[in-house]
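Heads up, the thing below is written out as C-alpha cells.
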Amino acid sequence: MWQRFTFYDVRVIGHYLGVLLLFFSFTLLVPLLTGLACREWVPASHYLLTIGIALIAGCLLRLLVVNPRRLNRQQALAVTGLSWIVLAFVASIPLFLSGHYANYLDALFDGVSGLTTTGATVIQDLDHLSYADNMWRFIMHFFGGLGLIVVALSFGLFGKQRGGANLYSSEGRSEHVVPNIAQTTRLISKIALFVISIATLVLAVCCLVLGMEPLRALLQGFWLAISGFMTGGFSPMSDSILYYHSYTIELVLMVLMILGSISFALHAEIWKGRTNFFFRDIEIRTALLWISVIAVVFAASFVVSMNFSGLVAMLRRGLFMIVAAFSTTGFQNVSANQLATAFSSGAFLSLALLMAVGGSAGSTTGGIKLRRIGIIGKSIIATIKETLAPDSARIVVDYHHVGRRLISPQITKEAMTVFALFVVTYVVGTMVGIAHGYEAVPAIFESIAMASNGGLSLGIIKAEMPPTLEIVYILEMWAGRLEFVTLLALFVEVIVSFRPKRRTNTEKSR
C-alpha cells in the first residue's frame, strides 16, 4: 500500500538533504585549497562562492526539522534519490564558472557524469583546464564511486540514525561487508583509499618517466588512480589515455579497473585473508564466462576490420577497451573517431554488451551487474530441471557469494525486474537518439553507455548535441546509478501524494 508524503515527511527529507549539502561544502575545500596552492585565484574564488551557496542552502534546509525521528524506508528512498541530483546542481556551479562549458546544462551534464562515475564529458578545451577544476572533477568521481550515502554514513553524518540500513540499501547496495552498517561503510572507504594511494605512487612515477614536472605528475597520477579504481572514466587530458602512449600506464589502469569491478565484499574477504571464496563466487565465474564469450566475438570482429598497423597494436587497443567497457570505466586508448571507424560494428556492439552488464554488485561499476545475470542464468537452469524432473522431486539451486546461498523466487524477481528496467531504458534512450537523427548503432551504443554509467562514446556526446537529448542522457545516468527501483518508488510516492484523496462512505454521509 503506497503512503502519501506528509508535510512532516517533506521537512525530514529536506533536513537530511541539508545535512548532505553541508558535508558537500567541505568536499569543495579540496579544489579550493588546490587552487590556492597553485595560485589559481579565479578558480579558487569560484569554489569559495559555491561553498557559501552550499552552506546557506544546507543550513536553511536543516532548520526545517530540528530533531527528526528515525528515517523510515519511504523517507530514505526520497533522500537518496534526490541527493544525487540536488548535489549535482551544486557541483556544476564551479564547473560552469570555469568558462569551459557552453552553458549551465553542459556543466550539469558533467556534474551528473562525475558523481555517477559515468565519465562522459562535454567540456571544451580540457587540456587547459585549471588544476583546481580538474581536481574537482575527480573528487566527484571519488565520492560518487563510493556512494554519497556510503560516505555520509562512514562519517557518521546521520548520527546514530537507526534508519542507516534503509539509506544504505536505497543507494543500490546490498553488500554488508561486516554486520554493522557504519563499520561496513568505513571499511569500504579504507580499502578504496589504500588502493588509490598505492596506485597514485605508481602512476606518478610513470608520469615522471614520461617527462612531466613533479607536481603535474603527482596530480595526474592521483586523478588517474581515482578514475581507474572508481571506474569513473574522466581523464585530465582530452585524448583520454591515448594522450600518454604508455604501455605501463595502460597496464596499471587495467589492473585498477578490474579491482574496481570486484565487489567490496570480496575485497573485504581477501583483506581478512579468506581467499577461498574468490573463484567460487558467482560473480567471478559469471565474469570469466561472459568476458570470454564476448572477447571471442570482439576479436573476430576486430580482426575482420584490419584497420590497425599490426597484431600488437590490435591486442593493446582491444584488450584495454574490453576492460574499460566491462568495468564501465569509459577510458579510451583510441579516439572517438577511431572507435567509430577503425572498429567494426560487431566490435563496438560487443563493447556495448559488456557495458550493459557491467561488473559486480557492491562494486563501483554500473550496468545490470554480474550477480543478476548469474542468478537469471541459474534460474533458467532450475526451470529446465523442474520441467524434466518427476513431480515428486524438489529442485534446489544454490550459488556462492561470500558463502552458500539459495536461489529463491524473491531473488529471481529482483534480478529480473532490474534487468528489464535496464533494457527498457537502453531502448528508450536509443529511440530518443534515433529521433534526433543519429544512426541506430551509435544511438544504441550511446544509450547503453549512459544508462550503464559506462561513458564510452562514438562521438554523439559533445558540446553541440541537442539539449533534449542531453537531458535524456542526464536522466539515464541518474536512474542507472540508483538502479531504478529507488527512483521509481520515489516517483510513485510523489504521484500518490498529489492524487486527490478518496472520500469514505462515512465522510459522504456527513
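Lettering and numbering for the C-alpha cells are positional, with chains as A, B, ... in the shown order, residues counted from 1 in each chain, and ligands counted from 1 in the shown order.
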
- Close residues, A:Ile249 itself excluded, 9 Å, only C-alpha atoms, min 6 positions apart in chain, as number ranges by chain: A: 202-203, 206-207, 241

For those residues, write all heavy atoms to a file as a compact mmCIF listing (two decimals), in the first residue's frame.
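Result file is again-v6.txt:
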```txt
# COMPACT_ATOMS: atom_id res chain seq x y z
N VAL A 202 52.51 4.73 -8.08
CA VAL A 202 52.98 4.03 -9.29
C VAL A 202 52.74 4.88 -10.53
O VAL A 202 53.63 5.05 -11.38
CB VAL A 202 52.26 2.66 -9.43
CG1 VAL A 202 52.67 1.99 -10.73
CG2 VAL A 202 52.59 1.77 -8.24
N LEU A 203 51.55 5.45 -10.65
CA LEU A 203 51.21 6.24 -11.83
C LEU A 203 52.00 7.55 -11.86
O LEU A 203 52.36 8.04 -12.95
CB LEU A 203 49.71 6.53 -11.86
CG LEU A 203 48.83 5.31 -12.18
CD1 LEU A 203 47.37 5.61 -11.89
CD2 LEU A 203 49.00 4.90 -13.64
N CYS A 206 55.29 6.79 -13.30
CA CYS A 206 55.15 6.62 -14.75
C CYS A 206 55.09 7.97 -15.46
O CYS A 206 55.70 8.16 -16.52
CB CYS A 206 53.89 5.82 -15.07
SG CYS A 206 53.92 4.10 -14.52
N CYS A 207 54.36 8.92 -14.88
CA CYS A 207 54.27 10.25 -15.48
C CYS A 207 55.60 10.99 -15.41
O CYS A 207 55.95 11.73 -16.34
CB CYS A 207 53.18 11.06 -14.78
SG CYS A 207 51.50 10.46 -15.11
N ILE A 241 43.29 8.27 -22.33
CA ILE A 241 44.52 7.53 -22.05
C ILE A 241 45.42 7.47 -23.29
O ILE A 241 46.62 7.22 -23.19
CB ILE A 241 44.18 6.10 -21.56
CG1 ILE A 241 43.19 6.19 -20.40
CG2 ILE A 241 45.43 5.36 -21.11
CD1 ILE A 241 43.64 7.09 -19.26
```

- Message: List as a VMD selection string the protein and nucleic acid residues near A:Ala451, meaning an atom at most 9 Å away when only C-alpha atoms are counted, but skip any in the same chain fewer than 4 places from it.
- Response: chain A and resid 118 356 366 to 367 422 425 to 426 429 446 to 447 473 to 481

Atoms to include: C-alpha atoms. Write the selected residues as a short mmCIF file (atom, residue, chain, number, x, y, z; two decimals), in the first residue's frame.
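Below you can see part.cif, which holds the result:
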```cif
data_model
loop_
_atom_site.label_atom_id
_atom_site.label_comp_id
_atom_site.auth_asym_id
_atom_site.auth_seq_id
_atom_site.Cartn_x
_atom_site.Cartn_y
_atom_site.Cartn_z
CA THR A 118 29.90 7.74 -15.95
CA ALA A 356 25.25 -3.15 -20.48
CA GLY A 366 27.40 0.39 -13.29
CA GLY A 367 25.18 -1.75 -15.51
CA PHE A 422 17.79 -1.51 -17.69
CA THR A 425 15.95 2.32 -20.53
CA TYR A 426 18.53 1.28 -23.12
CA GLY A 429 17.46 6.17 -24.92
CA GLU A 446 25.48 5.86 -26.51
CA SER A 447 22.26 4.98 -24.69
CA TYR A 473 21.14 11.21 -21.05
CA ILE A 474 21.30 13.01 -17.68
CA LEU A 475 18.17 11.14 -16.57
CA GLU A 476 19.64 7.86 -17.82
CA MET A 477 22.83 8.38 -15.82
CA TRP A 478 20.85 9.27 -12.70
CA ALA A 479 18.47 6.31 -13.00
CA GLY A 480 21.24 3.84 -13.86
CA ARG A 481 23.35 4.82 -10.86
#
```

- Task: Name the residues of stretch 374-466 of chain A that come out as strand (DSSP E or B) in a backbone DSSP run; write them as a list in words.
- Result: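 So, restricting stretch 374-466 of chain A to strand (DSSP E or B), we get Asp398, Tyr399, His400, Arg404, Arg405 and Leu406 of chain A.
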
- Can you tell me, as JSON, numbers by chain, what residues are no more than 9 Å from A:Trp290 when counting only C-alpha atoms, ignoring any on the same chain fewer than 5 positions away? {"A": [285, 295, 354, 370]}

- Looking only at the backbone, which of the residues in stretch 377-501 of chain A does DSSP tag as alpha helix (DSSP H), as a ChimeraX atom specification? /A:377-388,409-435,440-451,467-481,485-498

- Task: Just give me the gap between atom CA of A:Ile85 and atom CA of A:Met140 in Å, one decimal is fine.
- Result: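 Distance between the two atoms: 12.9 Å.
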
- Item | Separation of atom CA of A:Gly99 from atom CA of A:Tyr47, in Å and rounded to one decimal |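 These two atoms are separated by 13.7 Å.
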
- Item | Neighbour list for A:Thr417 as a list in words, cut-off 12 Å, only C-alpha atoms, skip fewer than 4 positions in-chain |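 Contacts, with the query itself left out: Ile368, Arg372, Ile373, Ile376, Pro409, Gln410, Ile411, Thr412, Lys413, Leu421, Phe422, Val423, Val424, Glu483, Phe484, Val485 and Leu488 of chain A.
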